[in-house]
Protein chains: 2
Amino acid sequence: MTILTHLKQSLPSLSKAESRIGEAILADPEAAVNSTTADLARLAQVSDPMISRFCKTLGCTSFPEFKVQLARSLVSNSSFISEAVSTGDSAASYIEKRINANQAALEYLRGNLPTEAIEQAVAALGQAKRIEIFGMGGAAAIAKDAQHKLFRLGTPTIAYEDHLMQRMAAAAANEETAILLFSFTGRTESMIEVARIARQSKAKVIAITHPQSPLGELADITITSGNELEDTTIYVPMTTRIIILTIIDILATGLALQKGPAVDQQLKTIKHSLEDTKIS
Amino acid sequence: MTILTHLKQSLPSLSKAESRIGEAILADPEAAVNSTTADLARLAQVSDPMISRFCKTLGCTSFPEFKVQLARSLVSNSSFISEAVSTGDSAASYIEKRINANQAALEYLRGNLPTEAIEQAVAALGQAKRIEIFGMGGAAAIAKDAQHKLFRLGTPTIAYEDHLMQRMAAAAANEETAILLFSFTGRTESMIEVARIARQSKAKVIAITHPQSPLGELADITITSGNELEDTTIYVPMTTRIIILTIIDILATGLALQKGPAVDQQLKTIKHSLEDTKIS
DNA sequence: GATCGCATGTAGTTAAATTACATAAGATGC
DNA sequence: GCATCTTATGTAATTTAACTACATGCGATC
């Protein structure tokens, strides 16, 4: 963990003077790196030695060491400032920008993915006897990808992109079914309908979607699709898929860990089944 | 440029004492970050003020500032160390590890994606009157995703995952067709066959695959799928997908930039077509 | 061979950071 | 409700780190 996130986390537990210092640093961390204790003390309106104490509270041995740590944490945040591509950009330039944007999206995920939701989702997937995955439009490819990743872990897993198939599968589901729904906005009417049917069937509904959306509120477990990022100036569109793919990655990893060595043979068998289709 | 590379570059032009300091720092930069001028001076067997002078020679205003800069340059080298997940990892732990692994994959892409290949591929896609996208197995979802992104830019684009459909489409192609092939290994026999048929039809064949593979060598333009990165652990790493998805992202971005404002209306129309399916 | 200049070391000074101490505010017990 | 104890914070003093000014020595050039 970087010192900056550590600071953010421990901000509430700090004393009055110390939190003033913390806020002064967070307001302009770059400036803090180039400050002396006196500078910072003046800025936060506290006495000089409070800065030293503040640093020790955060686990550093001295103020200079704190500055070094702070400088470190600023790198990882500033290197992911993604810029929008613009007409006239060279290939090298837009390649760089898109990679930055996608890395930034993952960086966002690091701080904003609720651990409990993942744990619950993994538990639900682990208990399920069947997994159904629904996605339409752009999410259809994602559903397919998730199916491809999850079916290997031993539980029958099917992906549907057809609304009618989804309705039937949702209606036929029971409490031993986990249903994974992918929707960027969480406002697609047919998806919401399917989710409603699935809940009536007592299936466990996991939605990867916008948390403050009808679909997000309907599901048993909701994980953000990062869609709340789209449209903002900093995070350019197209990054949501990277986020969702990484969430699938994380869910599959969690599930594989939960099932443990039991799935190893399964994975080997599946891999082996492809051998005859490859040339050496 | 980071201070560390700057130091490496200017090492030959430094004076005797100064280069001793430079070498001492390069020998263990991490230790230098936690040193005082006196510590470093002893290590490099020079006098104390030489350290200050050394820093100024490198363009820093003071030794503390140099330390901060040094700390900065060390981050970019040491971050993105991806660790394998292991049994007993907490959710928080494997979430962190997977995000790291995916960011590392993108970092790899930054250094290893050949600009010229991207330029050629964008040019080929731009000139094409039709785009056909082929992928099987795990790559089928990727092909579907690419189709979903590229069809919006005005050129008729179809994705096939069925080998027979792929054969027919490849045979029916002509010099105005661009064919995008996704294959992780580049060794799937049926994919190679399809590529061969496509070349006979004089279509432009773009392969996103392992560069040193039969398929990679067969294609007009080859872009790495990052498959050379996959380690052999049983828990299938998903980093290649992230890489390929980002490549698709980059290709679509390049194509959109090339077409310019011409596609803006097209994008708006497509977006508008979904409005009635969403609830407010 | 002498002098000039540059590189480096020594001593001293400045300033920055920490420690030790004192005080005030808030909490706790009677 | 008052007294005392604890904790947080400021003040003063000390230590330590970093830089400046100066001195010396080595190498180069005339």
# chains A, B, ... in the order shown; residues from 1 in each chain; ligands from 1
>>> interface_residues(of="chain B", to="chain C", cutoff="9 Å", atoms="only C-alpha atoms (C1' of nucleotides)", output="ChimeraX atom specification")
/B:15-17,46-50
>>> calpha_fit_and_write(fixed="chain A", moving="chain B", output="compact mmCIF listing (two decimals) with C-alpha atoms, in the first residue's frame")
# COMPACT_ATOMS: atom_id res chain seq x y z
CA MET B 1 -0.92 2.83 5.30
CA THR B 2 0.62 5.83 3.58
CA ILE B 3 2.29 8.57 5.57
CA LEU B 4 -0.38 11.02 4.44
CA THR B 5 -3.26 9.06 5.96
CA HIS B 6 -1.09 8.44 9.00
CA LEU B 7 -0.61 12.19 9.32
CA LYS B 8 -4.33 12.85 8.98
CA GLN B 9 -5.10 10.31 11.67
CA SER B 10 -2.56 11.52 14.19
CA LEU B 11 -3.24 15.21 13.60
CA PRO B 12 -5.48 15.58 16.69
CA SER B 13 -2.88 14.03 18.98
CA LEU B 14 -0.08 16.36 17.90
CA SER B 15 1.18 19.34 19.88
CA LYS B 16 0.32 22.90 18.90
CA ALA B 17 3.41 23.57 16.81
CA GLU B 18 3.37 20.11 15.33
CA SER B 19 -0.23 20.31 14.21
CA ARG B 20 0.54 23.66 12.57
CA ILE B 21 3.22 21.82 10.59
CA GLY B 22 0.81 19.00 9.76
CA GLU B 23 -1.76 21.43 8.46
CA ALA B 24 0.80 23.26 6.40
CA ILE B 25 1.77 19.97 4.78
CA LEU B 26 -1.81 18.87 4.19
CA ALA B 27 -2.61 22.25 2.66
CA ASP B 28 -0.10 21.59 -0.11
CA PRO B 29 1.64 18.22 0.17
CA GLU B 30 3.18 18.57 -3.27
CA ALA B 31 4.97 21.74 -2.19
CA ALA B 32 6.14 20.11 1.02
CA VAL B 33 7.93 17.44 -1.00
CA ASN B 34 10.10 20.11 -2.57
CA SER B 35 10.80 22.01 0.64
CA THR B 36 13.68 22.15 3.08
CA THR B 37 13.13 22.17 6.82
CA ALA B 38 13.63 25.93 6.76
CA ASP B 39 10.97 26.44 4.06
CA LEU B 40 8.40 24.39 5.91
CA ALA B 41 9.29 26.01 9.23
CA ARG B 42 8.64 29.45 7.79
CA LEU B 43 5.37 28.28 6.23
CA ALA B 44 4.08 26.78 9.47
CA GLN B 45 5.59 29.63 11.53
CA VAL B 46 7.61 27.34 13.74
CA SER B 47 11.29 26.92 14.33
CA ASP B 48 13.52 24.87 12.12
CA PRO B 49 14.18 21.89 14.40
CA MET B 50 10.47 21.46 15.07
CA ILE B 51 10.25 19.98 11.58
CA SER B 52 12.75 17.29 12.48
CA ARG B 53 10.88 16.55 15.67
CA PHE B 54 7.61 16.42 13.78
CA CYS B 55 9.03 13.81 11.41
CA LYS B 56 10.20 11.67 14.27
CA THR B 57 6.81 11.91 15.95
CA LEU B 58 5.35 10.42 12.78
CA GLY B 59 7.82 7.58 12.91
CA CYS B 60 10.34 8.69 10.33
CA THR B 61 14.03 8.78 11.14
CA SER B 62 14.74 12.06 9.35
CA PHE B 63 13.14 14.85 7.37
CA PRO B 64 14.51 13.60 4.03
CA GLU B 65 13.00 10.21 4.75
CA PHE B 66 9.70 11.86 5.50
CA LYS B 67 9.83 13.65 2.17
CA VAL B 68 10.42 10.37 0.39
CA GLN B 69 7.47 8.78 2.17
CA LEU B 70 5.31 11.77 1.37
CA ALA B 71 6.27 11.57 -2.29
CA ARG B 72 5.25 7.93 -2.23
CA SER B 73 1.81 8.59 -0.82
CA LEU B 74 1.13 11.32 -3.34
CA VAL B 75 1.60 8.98 -6.29
CA SER B 76 -1.27 6.65 -5.50
CA ASN B 77 -3.65 9.57 -5.37
CA SER B 78 -2.54 11.32 -8.51
CA SER B 79 -1.97 8.43 -10.87
CA PHE B 80 -4.60 6.95 -13.14
CA ILE B 81 -5.87 10.30 -14.25
CA SER B 82 -7.40 9.23 -17.50
CA GLU B 83 -7.60 11.77 -20.24
CA ALA B 84 -9.80 11.60 -23.28
CA VAL B 85 -8.11 10.99 -26.60
CA SER B 86 -8.34 13.78 -29.11
CA THR B 87 -7.80 14.25 -32.81
CA GLY B 88 -4.14 14.63 -33.63
CA ASP B 89 -2.95 12.37 -30.83
CA SER B 90 0.07 10.32 -31.81
CA ALA B 91 -0.11 6.55 -31.55
CA ALA B 92 2.16 6.63 -28.51
CA SER B 93 -0.18 9.15 -26.94
CA TYR B 94 -3.48 7.34 -27.41
CA ILE B 95 -1.89 4.02 -26.44
CA GLU B 96 -0.82 5.58 -23.16
CA LYS B 97 -4.21 7.15 -22.61
CA ARG B 98 -6.20 4.00 -23.23
CA ILE B 99 -3.95 1.96 -20.95
CA ASN B 100 -4.37 4.61 -18.28
CA ALA B 101 -8.13 4.61 -18.69
CA ASN B 102 -8.30 0.84 -18.33
CA GLN B 103 -6.05 0.82 -15.30
CA ALA B 104 -8.19 3.55 -13.78
CA ALA B 105 -11.26 1.43 -14.39
CA LEU B 106 -9.69 -1.43 -12.46
CA GLU B 107 -8.70 0.97 -9.71
CA TYR B 108 -12.33 2.01 -9.48
CA LEU B 109 -13.31 -1.63 -9.19
CA ARG B 110 -10.93 -2.07 -6.28
CA GLY B 111 -12.91 0.35 -4.17
CA ASN B 112 -16.39 -0.31 -5.46
CA LEU B 113 -16.81 -4.04 -5.87
CA PRO B 114 -18.98 -5.30 -3.00
CA THR B 115 -17.30 -8.35 -1.48
CA GLU B 116 -20.56 -9.83 -0.25
CA ALA B 117 -22.13 -9.81 -3.71
CA ILE B 118 -19.11 -11.68 -5.08
CA GLU B 119 -19.27 -14.19 -2.23
CA GLN B 120 -22.96 -14.76 -2.83
CA ALA B 121 -22.47 -15.13 -6.56
CA VAL B 122 -19.61 -17.60 -6.12
CA ALA B 123 -21.72 -19.60 -3.67
CA ALA B 124 -24.67 -19.62 -6.07
CA LEU B 125 -22.48 -20.72 -8.98
CA GLY B 126 -20.89 -23.39 -6.82
CA GLN B 127 -24.23 -24.86 -5.81
CA ALA B 128 -25.66 -24.81 -9.31
CA LYS B 129 -26.00 -27.99 -11.35
CA ARG B 130 -26.25 -25.93 -14.54
CA ILE B 131 -25.06 -22.44 -15.41
CA GLU B 132 -26.72 -20.45 -18.18
CA ILE B 133 -25.19 -17.22 -19.38
CA PHE B 134 -27.15 -14.58 -21.30
CA GLY B 135 -25.86 -11.54 -23.11
CA MET B 136 -26.94 -9.60 -26.18
CA GLY B 137 -25.22 -7.07 -28.42
CA GLY B 138 -21.91 -6.07 -26.95
CA ALA B 139 -22.55 -8.31 -23.97
CA ALA B 140 -22.81 -11.38 -26.21
CA ALA B 141 -19.04 -11.57 -26.57
CA ILE B 142 -18.74 -11.22 -22.82
CA ALA B 143 -21.25 -14.01 -22.22
CA LYS B 144 -19.26 -16.21 -24.56
CA ASP B 145 -16.07 -15.40 -22.72
CA ALA B 146 -17.65 -16.19 -19.36
CA GLN B 147 -18.90 -19.49 -20.70
CA HIS B 148 -15.43 -20.32 -21.95
CA LYS B 149 -13.98 -19.70 -18.50
CA LEU B 150 -16.64 -21.29 -16.34
CA PHE B 151 -17.39 -24.54 -18.23
CA ARG B 152 -13.89 -25.74 -17.37
CA LEU B 153 -14.74 -25.85 -13.70
CA GLY B 154 -16.96 -28.89 -13.99
CA THR B 155 -20.49 -27.49 -14.13
CA PRO B 156 -22.36 -27.67 -17.47
CA THR B 157 -22.35 -24.09 -18.73
CA ILE B 158 -24.00 -22.65 -21.82
CA ALA B 159 -24.08 -19.11 -23.22
CA TYR B 160 -26.98 -17.80 -25.32
CA GLU B 161 -27.13 -14.57 -27.23
CA ASP B 162 -30.43 -15.31 -28.97
CA HIS B 163 -33.42 -13.89 -27.13
CA LEU B 164 -35.65 -16.84 -28.01
CA MET B 165 -33.09 -19.36 -26.82
CA GLN B 166 -32.68 -17.33 -23.65
CA ARG B 167 -36.44 -17.37 -23.02
CA MET B 168 -36.60 -21.11 -23.48
CA ALA B 169 -33.58 -21.76 -21.28
CA ALA B 170 -34.94 -19.45 -18.60
CA ALA B 171 -38.31 -21.18 -18.69
CA ALA B 172 -36.69 -24.61 -18.50
CA ALA B 173 -34.52 -23.63 -15.54
CA ASN B 174 -35.10 -24.69 -11.94
CA GLU B 175 -33.77 -23.98 -8.45
CA GLU B 176 -30.57 -25.84 -9.32
CA THR B 177 -29.82 -23.46 -12.19
CA ALA B 178 -27.69 -20.33 -11.87
CA ILE B 179 -28.31 -17.73 -14.54
CA LEU B 180 -25.68 -15.10 -15.24
CA LEU B 181 -26.98 -12.02 -17.04
CA PHE B 182 -24.79 -9.43 -18.69
CA SER B 183 -26.26 -6.08 -19.63
CA PHE B 184 -24.42 -2.75 -19.67
CA THR B 185 -27.42 -0.54 -19.05
CA GLY B 186 -29.82 -2.96 -17.34
CA ARG B 187 -32.61 -1.40 -19.42
CA THR B 188 -32.78 -3.74 -22.39
CA GLU B 189 -36.38 -4.87 -22.40
CA SER B 190 -35.82 -8.41 -23.61
CA MET B 191 -33.15 -9.00 -20.96
CA ILE B 192 -35.50 -7.87 -18.21
CA GLU B 193 -38.17 -10.16 -19.54
CA VAL B 194 -35.79 -13.11 -19.53
CA ALA B 195 -34.77 -12.31 -15.96
CA ARG B 196 -38.41 -12.29 -14.94
CA ILE B 197 -39.00 -15.69 -16.52
CA ALA B 198 -35.87 -17.04 -14.83
CA ARG B 199 -37.10 -15.89 -11.43
CA GLN B 200 -40.44 -17.54 -12.04
CA SER B 201 -38.53 -20.77 -12.69
CA LYS B 202 -36.87 -20.29 -9.28
CA ALA B 203 -33.42 -20.09 -10.85
CA LYS B 204 -30.74 -18.09 -9.05
CA VAL B 205 -30.38 -14.88 -11.07
CA ILE B 206 -27.04 -13.08 -11.00
CA ALA B 207 -26.91 -9.83 -12.95
CA ILE B 208 -23.77 -7.97 -13.89
CA THR B 209 -25.31 -4.65 -14.80
CA HIS B 210 -26.03 -1.11 -13.68
CA PRO B 211 -27.11 -1.46 -10.03
CA GLN B 212 -29.85 1.18 -10.21
CA SER B 213 -31.67 -0.29 -13.16
CA PRO B 214 -34.78 -2.46 -13.60
CA LEU B 215 -32.63 -5.50 -14.27
CA GLY B 216 -30.34 -4.77 -11.30
CA GLU B 217 -33.32 -4.58 -8.97
CA LEU B 218 -34.90 -7.72 -10.35
CA ALA B 219 -31.92 -10.02 -9.84
CA ASP B 220 -31.14 -12.09 -6.74
CA ILE B 221 -27.54 -10.86 -6.79
CA THR B 222 -26.39 -7.71 -8.58
CA ILE B 223 -22.80 -6.78 -9.35
CA THR B 224 -21.99 -3.44 -10.92
CA SER B 225 -20.89 -3.43 -14.54
CA GLY B 226 -19.23 -0.09 -14.05
CA ASN B 227 -21.65 1.34 -16.57
CA GLU B 228 -22.15 4.32 -14.30
CA LEU B 229 -18.60 5.31 -15.26
CA GLU B 230 -19.03 5.56 -19.00
CA ASP B 231 -18.82 9.14 -20.08
CA THR B 232 -20.85 10.38 -22.95
CA THR B 233 -18.06 11.08 -25.42
CA ILE B 234 -18.68 9.76 -28.88
CA TYR B 235 -15.67 7.47 -28.87
CA VAL B 236 -17.24 4.66 -26.92
CA PRO B 237 -15.03 4.00 -23.94
CA MET B 238 -14.32 0.37 -23.51
CA THR B 239 -13.63 0.49 -19.83
CA THR B 240 -16.82 -1.37 -18.87
CA ARG B 241 -15.70 -4.44 -20.77
CA ILE B 242 -12.44 -4.50 -18.87
CA ILE B 243 -14.39 -4.21 -15.65
CA ILE B 244 -16.80 -6.98 -16.56
CA LEU B 245 -14.02 -9.24 -17.79
CA THR B 246 -12.21 -8.76 -14.50
CA ILE B 247 -15.41 -9.57 -12.63
CA ILE B 248 -15.69 -12.79 -14.63
CA ASP B 249 -12.07 -13.45 -13.81
CA ILE B 250 -12.79 -12.92 -10.12
CA LEU B 251 -15.89 -15.12 -10.17
CA ALA B 252 -14.02 -17.91 -11.95
CA THR B 253 -11.15 -17.60 -9.50
CA GLY B 254 -13.51 -17.73 -6.54
CA LEU B 255 -15.28 -20.74 -7.98
CA ALA B 256 -12.04 -22.56 -8.71
CA LEU B 257 -10.83 -21.91 -5.15
CA GLN B 258 -14.11 -23.13 -3.75
CA LYS B 259 -14.01 -26.36 -5.76
CA GLY B 260 -10.38 -26.83 -4.83
CA PRO B 261 -8.19 -29.63 -6.19
CA ALA B 262 -11.29 -31.38 -7.53
CA VAL B 263 -11.12 -29.33 -10.72
CA ASP B 264 -7.39 -29.73 -11.32
CA GLN B 265 -7.78 -32.96 -13.27
CA GLN B 266 -10.65 -31.44 -15.23
CA LEU B 267 -8.48 -28.47 -16.24
CA LYS B 268 -5.64 -30.75 -17.30
CA THR B 269 -7.96 -32.92 -19.39
CA ILE B 270 -9.36 -29.90 -21.21
CA LYS B 271 -5.89 -28.54 -21.89
CA HIS B 272 -4.73 -31.93 -23.10
CA SER B 273 -7.63 -32.15 -25.53
CA LEU B 274 -6.14 -29.29 -27.56
CA GLU B 275 -2.69 -30.76 -27.98
CA ASP B 276 -3.29 -32.33 -31.39
CA THR B 277 -4.43 -29.02 -32.84
CA LYS B 278 -1.11 -27.29 -32.18
CA ILE B 279 2.10 -27.62 -34.13
CA SER B 280 5.34 -27.80 -32.23
